[in-house]
$ cat my_file_12.cif   # mmCIF, C-alpha atoms
data_protein
loop_
_atom_site.group_PDB
_atom_site.id
_atom_site.type_symbol
_atom_site.label_atom_id
_atom_site.label_comp_id
_atom_site.auth_asym_id
_atom_site.auth_seq_id
_atom_site.Cartn_x
_atom_site.Cartn_y
_atom_site.Cartn_z
ATOM 1 C CA MET A 147 60.493 87.707 110.598
ATOM 2 C CA GLU A 148 61.956 87.439 107.160
ATOM 3 C CA SER A 149 59.794 86.617 104.184
ATOM 4 C CA VAL A 150 60.098 83.294 102.394
ATOM 5 C CA GLY A 151 61.001 85.101 99.162
ATOM 6 C CA SER A 152 64.046 86.807 100.682
ATOM 7 C CA ILE A 153 65.267 83.503 102.130
ATOM 8 C CA ILE A 154 64.868 81.786 98.754
ATOM 9 C CA MET A 155 66.699 84.664 97.058
ATOM 10 C CA TYR A 156 69.524 84.416 99.593
ATOM 11 C CA VAL A 157 69.852 80.660 98.989
ATOM 12 C CA VAL A 158 69.924 81.192 95.207
ATOM 13 C CA VAL A 159 72.623 83.881 95.486
ATOM 14 C CA ALA A 160 74.640 81.798 97.963
ATOM 15 C CA LEU A 161 74.503 78.790 95.637
ATOM 16 C CA ALA A 162 75.585 81.013 92.726
ATOM 17 C CA ILE A 163 78.579 82.213 94.746
ATOM 18 C CA ILE A 164 79.540 78.649 95.656
ATOM 19 C CA VAL A 165 79.097 77.235 92.143
ATOM 20 C CA PHE A 166 80.917 80.041 90.328
ATOM 21 C CA SER A 167 83.737 80.073 92.910
ATOM 22 C CA VAL A 168 84.323 76.356 92.452
ATOM 23 C CA LEU A 169 84.169 76.730 88.666
ATOM 24 C CA ALA A 170 86.649 79.632 88.792
ATOM 25 C CA VAL A 171 89.296 77.568 90.534
ATOM 26 C CA THR A 172 88.709 74.262 88.754
ATOM 27 C CA THR A 173 88.560 75.293 85.109
ATOM 28 C CA ARG A 174 91.697 74.956 83.008
ATOM 29 C CA LYS A 175 90.841 77.831 80.652
ATOM 30 C CA ILE A 176 92.031 81.070 82.166
ATOM 31 C CA LEU A 177 89.517 83.372 80.457
ATOM 32 C CA ARG A 178 86.672 81.193 81.679
ATOM 33 C CA ALA A 179 88.121 81.424 85.188
ATOM 34 C CA ALA A 180 88.065 85.232 84.941
ATOM 35 C CA THR A 181 84.458 85.102 83.727
ATOM 36 C CA TYR A 182 83.438 82.842 86.611
ATOM 37 C CA LEU A 183 85.189 85.246 88.988
ATOM 38 C CA LEU A 184 83.133 88.073 87.490
ATOM 39 C CA PHE A 185 79.903 86.156 88.155
ATOM 40 C CA THR A 186 81.037 85.447 91.725
ATOM 41 C CA LEU A 187 81.697 89.135 92.340
ATOM 42 C CA PHE A 188 78.294 90.094 90.921
ATOM 43 C CA ALA A 189 76.637 87.580 93.245
ATOM 44 C CA ALA A 190 78.567 89.041 96.197
ATOM 45 C CA ALA A 191 77.232 92.471 95.198
ATOM 46 C CA ALA A 192 73.737 90.981 95.205
ATOM 47 C CA VAL A 193 74.269 89.955 98.835
ATOM 48 C CA TYR A 194 75.205 93.553 99.697
ATOM 49 C CA PHE A 195 72.094 94.848 97.952
ATOM 50 C CA MET A 196 69.910 92.315 99.786
ATOM 51 C CA LEU A 197 71.363 93.582 103.088
ATOM 52 C CA ASP A 198 70.492 97.184 102.055
ATOM 53 C CA TYR A 199 74.165 98.167 101.718
ATOM 54 C CA GLU A 200 73.699 99.956 98.420
ATOM 55 C CA PHE A 201 77.028 101.777 98.593
ATOM 56 C CA LEU A 202 79.016 98.581 99.193
ATOM 57 C CA GLY A 203 77.116 96.822 96.408
ATOM 58 C CA ALA A 204 77.876 99.647 93.994
ATOM 59 C CA VAL A 205 81.552 99.643 95.013
ATOM 60 C CA GLN A 206 81.678 95.860 94.579
ATOM 61 C CA ILE A 207 80.373 96.164 91.028
ATOM 62 C CA ALA A 208 82.394 99.231 90.051
ATOM 63 C CA VAL A 209 85.757 98.385 91.602
ATOM 64 C CA TYR A 210 85.935 94.615 91.707
ATOM 65 C CA ALA A 211 83.595 93.366 88.997
ATOM 66 C CA GLY A 212 84.302 96.319 86.738
ATOM 67 C CA GLY A 213 87.907 97.252 87.387
ATOM 68 C CA ILE A 214 89.804 94.309 88.790
ATOM 69 C CA VAL A 215 88.324 91.666 86.468
ATOM 70 C CA VAL A 216 88.973 93.895 83.447
ATOM 71 C CA LEU A 217 92.560 94.303 84.669
ATOM 72 C CA PHE A 218 92.845 90.507 84.978
ATOM 73 C CA VAL A 219 91.506 90.000 81.461
ATOM 74 C CA PHE A 220 93.937 92.569 80.031
ATOM 75 C CA ALA A 221 96.823 90.887 81.849
ATOM 76 C CA ILE A 222 95.743 87.491 80.532
ATOM 77 C CA LEU A 223 95.441 88.741 76.969
ATOM 78 C CA LEU A 224 98.775 90.596 77.126
ATOM 79 C CA THR A 225 100.808 87.760 78.590
ATOM 80 C CA SER A 226 99.403 84.572 77.106
ATOM 81 C CA LYS A 227 97.402 83.280 74.219
ATOM 82 C CA PRO A 228 93.989 82.387 75.642
ATOM 83 C CA GLY A 229 93.509 79.596 73.103
ATOM 84 C CA ASP A 230 96.564 77.634 74.294
ATOM 85 C CA LYS A 231 95.804 74.194 75.593
ATOM 86 C CA SER A 232 97.071 73.835 79.108
ATOM 87 C CA GLU A 233 97.958 70.418 80.377
ATOM 88 C CA LYS A 234 96.449 69.080 83.538
ATOM 89 C CA LEU A 235 98.450 69.993 86.607
ATOM 90 C CA ALA A 236 100.003 67.073 88.410
ATOM 91 C CA SER A 237 100.275 67.449 92.150
ATOM 92 C CA LYS A 238 101.746 65.053 94.642
ATOM 93 C CA SER A 239 100.070 66.738 97.597
ATOM 94 C CA ARG A 240 96.488 66.659 96.334
ATOM 95 C CA THR A 241 95.413 64.571 99.336
ATOM 96 C CA LEU A 242 97.005 67.017 101.758
ATOM 97 C CA GLY A 243 95.202 69.896 100.043
ATOM 98 C CA LEU A 244 91.878 68.074 100.254
ATOM 99 C CA VAL A 245 92.402 67.367 103.968
ATOM 100 C CA GLY A 246 93.272 71.024 104.551
ATOM 101 C CA ALA A 247 90.209 72.222 102.637
ATOM 102 C CA ILE A 248 87.895 69.916 104.608
ATOM 103 C CA ALA A 249 89.479 71.032 107.889
ATOM 104 C CA MET A 250 89.028 74.708 107.003
ATOM 105 C CA ALA A 251 85.415 74.091 105.949
ATOM 106 C CA PHE A 252 84.820 72.429 109.327
ATOM 107 C CA VAL A 253 86.404 75.359 111.206
ATOM 108 C CA ALA A 254 84.394 77.910 109.207
ATOM 109 C CA GLY A 255 81.147 75.987 109.758
ATOM 110 C CA TYR A 256 81.837 75.617 113.479
ATOM 111 C CA SER A 257 82.586 79.344 113.750
ATOM 112 C CA LEU A 258 79.364 80.272 111.966
ATOM 113 C CA ILE A 259 77.247 77.924 114.079
ATOM 114 C CA THR A 260 78.697 79.022 117.420
ATOM 115 C CA ARG A 261 78.515 82.685 116.433
ATOM 116 C CA SER A 262 74.837 82.410 115.489
ATOM 117 C CA MET A 263 74.054 80.479 118.689
ATOM 118 C CA LEU A 264 75.418 83.284 120.850
ATOM 119 C CA LEU A 265 72.708 85.631 119.531
ATOM 120 C CA LEU A 266 74.746 88.715 120.202
ATOM 121 C CA PRO A 267 72.797 91.968 120.028
ATOM 122 C CA LYS A 268 73.344 93.977 116.890
ATOM 123 C CA PRO A 269 75.040 97.346 117.449
ATOM 124 C CA GLU A 270 73.018 100.471 116.841
ATOM 125 C CA MET A 271 74.204 102.238 113.698
ATOM 126 C CA ASP A 272 73.073 105.308 111.869
ATOM 127 C CA ALA A 273 72.777 105.172 108.098
ATOM 128 C CA PRO A 274 75.870 106.961 106.769
ATOM 129 C CA THR A 275 75.418 109.763 104.291
ATOM 130 C CA MET A 276 77.479 110.118 101.145
ATOM 131 C CA GLN A 277 79.246 113.078 102.763
ATOM 132 C CA ASN A 278 80.293 110.932 105.752
ATOM 133 C CA ILE A 279 81.570 108.190 103.452
ATOM 134 C CA GLY A 280 83.451 110.715 101.299
ATOM 135 C CA GLU A 281 85.086 112.336 104.307
ATOM 136 C CA ALA A 282 86.129 108.950 105.709
ATOM 137 C CA MET A 283 87.539 107.742 102.364
ATOM 138 C CA LEU A 284 89.346 110.899 101.294
ATOM 139 C CA GLY A 285 90.149 112.607 104.580
ATOM 140 C CA THR A 286 93.618 112.959 106.048
ATOM 141 C CA GLY A 287 92.706 112.730 109.738
ATOM 142 C CA GLU A 288 92.848 109.767 112.084
ATOM 143 C CA GLY A 289 90.800 106.833 110.852
ATOM 144 C CA GLN A 290 90.531 108.272 107.335
ATOM 145 C CA TYR A 291 91.838 106.605 104.214
ATOM 146 C CA LEU A 292 93.406 109.052 101.759
ATOM 147 C CA LEU A 293 96.899 107.522 101.975
ATOM 148 C CA PRO A 294 95.804 103.876 101.374
ATOM 149 C CA PHE A 295 93.491 105.086 98.605
ATOM 150 C CA GLU A 296 96.392 106.807 96.849
ATOM 151 C CA ALA A 297 98.680 103.806 97.430
ATOM 152 C CA VAL A 298 96.182 101.510 95.706
ATOM 153 C CA SER A 299 95.874 103.922 92.774
ATOM 154 C CA VAL A 300 99.674 104.017 92.383
ATOM 155 C CA LEU A 301 99.751 100.187 92.546
ATOM 156 C CA LEU A 302 97.125 99.895 89.805
ATOM 157 C CA LEU A 303 99.028 102.421 87.674
ATOM 158 C CA ALA A 304 102.212 100.370 88.110
ATOM 159 C CA CYS A 305 100.298 97.238 87.033
ATOM 160 C CA ILE A 306 99.056 98.966 83.893
ATOM 161 C CA ILE A 307 102.534 100.264 83.024
ATOM 162 C CA GLY A 308 103.977 96.777 83.652
ATOM 163 C CA GLY A 309 101.371 95.272 81.319
ATOM 164 C CA VAL A 310 102.267 97.730 78.577
ATOM 165 C CA VAL A 311 105.990 96.996 79.014
ATOM 166 C CA VAL A 312 105.393 93.235 78.827
ATOM 167 C CA ALA A 313 103.222 93.683 75.727
ATOM 168 C CA ARG A 314 105.855 95.837 73.984
ATOM 169 C CA LYS A 315 108.566 93.207 74.461
ATOM 170 C CA ARG A 316 106.568 90.782 72.335
#
$ encode --input "my_file_12.cif" --output "structure tokens"
Amino acid sequence: MESVGSIIMYVVVALAIIVFSVLAVTTRKILRAATYLLFTLFAAAAVYFMLDYEFLGAVQIAVYAGGIVVLFVFAILLTSKPGDKSEKLASKSRTLGLVGAIAMAFVAGYSLITRSMLLLPKPEMDAPTMQNIGEAMLGTGEGQYLLPFEAVSVLLLACIIGGVVVARKR
């Protein structure tokens, strides 16, 4: 049985994720959107920590909250003036988007409810050690991720070089 405090903490973190996600996509100031995204990613890391996934929580903070958001902010500052006033976007298919969002929320809610009603048994798992995680991430065998890891690092390097090239043209 879970304690009342952990349930309250989960509700607070879930509400923070919802609020900051909505703010990130509805604000018209791009630096504020990046800041709201940062708060959303920190709250997602809090969920990992509450589930006792310390490694995933640390990766969430280091890679996403630390690296990706900083990369977004650099790209924003290199390509546009953050103080520019942006006009409100006019969309003719706003109603269609709202209908699609409500439909997807219904599908997601239905999936969560039916999944929790099935009460599937949880698989038995051993707690992975840092050595196991390191071998899986940087190994070259089957089911190991050295090649995708290097591909992502090359992609991030290309993004940084592209940002410098765009900044030099100005």
$ residues_around --input "my_file_12.cif" --residues "range 202-218 of chain A" --least-positions-apart "6" --cutoff "9 Å" --atoms "only C-alpha atoms" --output "number ranges by chain"
A: 180-181, 183-188, 190-195, 302, 305-306
$ atom_distance --input "my_file_12.cif" --atom1 "CA of Phe295 in chain A" --atom2 "CA of Leu177 in chain A"
28.6 Å
$ axis_aligned_box --input "my_file_12.cif" --around "range 159-176 of chain A" --padding-each-side "3 Å" --output "JSON"
{"center_x": 82.3, "center_y": 79.1, "center_z": 89.3, "size_x": 25.4, "size_y": 15.6, "size_z": 23.3}
$ closest_residue --input "my_file_12.cif" --among "A:Val168, A:Gly287, A:Ile176, A:Ser239" --to "Ala221 in chain A" --atoms "all atoms listed in the file"
A:Ile176
$ closest_residue --input "my_file_12.cif" --among "A:Leu197, A:Val253, A:Val300, A:Ala313" --to "Ile153 in chain A" --atoms "all atoms listed in the file"
A:Leu197
$ atom_distance --input "my_file_12.cif" --atom1 "CA of Val157 in chain A" --atom2 "CA of Ala189 in chain A"
11.3 Å
$ atom_distance --input "my_file_12.cif" --atom1 "CA of Ile259 in chain A" --atom2 "CA of Thr241 in chain A"
26.9 Å
$ closest_residue --input "my_file_12.cif" --among "A:Val311, A:Leu224, A:Val159, A:Ser167" --to "Ala179 in chain A" --atoms "all atoms listed in the file"
A:Ser167
$ build_atoms --input "my_file_12.cif" --residues "range 157-184 of chain A" --atoms "N, CA and C atoms" --output "compact mmCIF listing (two decimals), keeping the file's coordinate frame"
# COMPACT_ATOMS: atom_id res chain seq x y z
N VAL A 157 69.34 82.00 99.30
CA VAL A 157 69.85 80.66 98.99
C VAL A 157 70.31 80.59 97.53
N VAL A 158 69.54 81.19 96.62
CA VAL A 158 69.92 81.19 95.21
C VAL A 158 71.25 81.94 95.01
N VAL A 159 71.38 83.10 95.63
CA VAL A 159 72.62 83.88 95.49
C VAL A 159 73.79 83.15 96.14
N ALA A 160 73.57 82.55 97.30
CA ALA A 160 74.64 81.80 97.96
C ALA A 160 75.09 80.61 97.12
N LEU A 161 74.14 79.90 96.53
CA LEU A 161 74.50 78.79 95.64
C LEU A 161 75.26 79.29 94.41
N ALA A 162 74.86 80.45 93.87
CA ALA A 162 75.58 81.01 92.73
C ALA A 162 77.03 81.34 93.11
N ILE A 163 77.22 81.91 94.29
CA ILE A 163 78.58 82.21 94.75
C ILE A 163 79.40 80.93 94.87
N ILE A 164 78.82 79.91 95.47
CA ILE A 164 79.54 78.65 95.66
C ILE A 164 79.88 78.01 94.31
N VAL A 165 78.89 77.91 93.43
CA VAL A 165 79.10 77.24 92.14
C VAL A 165 80.13 77.98 91.30
N PHE A 166 79.98 79.30 91.17
CA PHE A 166 80.92 80.04 90.33
C PHE A 166 82.31 80.11 90.95
N SER A 167 82.41 80.10 92.28
CA SER A 167 83.74 80.07 92.91
C SER A 167 84.45 78.76 92.61
N VAL A 168 83.72 77.66 92.75
CA VAL A 168 84.32 76.36 92.45
C VAL A 168 84.71 76.27 90.98
N LEU A 169 83.84 76.75 90.09
CA LEU A 169 84.17 76.73 88.67
C LEU A 169 85.39 77.60 88.36
N ALA A 170 85.52 78.73 89.05
CA ALA A 170 86.65 79.63 88.79
C ALA A 170 87.98 78.99 89.12
N VAL A 171 88.01 78.16 90.15
CA VAL A 171 89.30 77.57 90.53
C VAL A 171 89.53 76.19 89.94
N THR A 172 88.51 75.60 89.32
CA THR A 172 88.71 74.26 88.75
C THR A 172 88.83 74.25 87.24
N THR A 173 88.46 75.31 86.57
CA THR A 173 88.56 75.29 85.11
C THR A 173 90.02 75.43 84.68
N ARG A 174 90.33 74.87 83.52
CA ARG A 174 91.70 74.96 83.01
C ARG A 174 91.86 76.08 82.00
N LYS A 175 90.77 76.71 81.60
CA LYS A 175 90.84 77.83 80.65
C LYS A 175 90.80 79.12 81.45
N ILE A 176 91.84 79.92 81.29
CA ILE A 176 92.03 81.07 82.17
C ILE A 176 90.99 82.17 81.93
N LEU A 177 90.55 82.35 80.70
CA LEU A 177 89.52 83.37 80.46
C LEU A 177 88.18 82.95 81.05
N ARG A 178 87.89 81.67 81.03
CA ARG A 178 86.67 81.19 81.68
C ARG A 178 86.76 81.40 83.19
N ALA A 179 87.94 81.20 83.75
CA ALA A 179 88.12 81.42 85.19
C ALA A 179 87.85 82.89 85.54
N ALA A 180 88.33 83.80 84.71
CA ALA A 180 88.06 85.23 84.94
C ALA A 180 86.58 85.54 84.82
N THR A 181 85.90 84.90 83.88
CA THR A 181 84.46 85.10 83.73
C THR A 181 83.70 84.56 84.93
N TYR A 182 84.08 83.39 85.42
CA TYR A 182 83.44 82.84 86.61
C TYR A 182 83.69 83.73 87.83
N LEU A 183 84.89 84.30 87.91
CA LEU A 183 85.19 85.25 88.99
C LEU A 183 84.28 86.46 88.90
N LEU A 184 84.03 86.94 87.69
CA LEU A 184 83.13 88.07 87.49
C LEU A 184 81.73 87.74 88.01
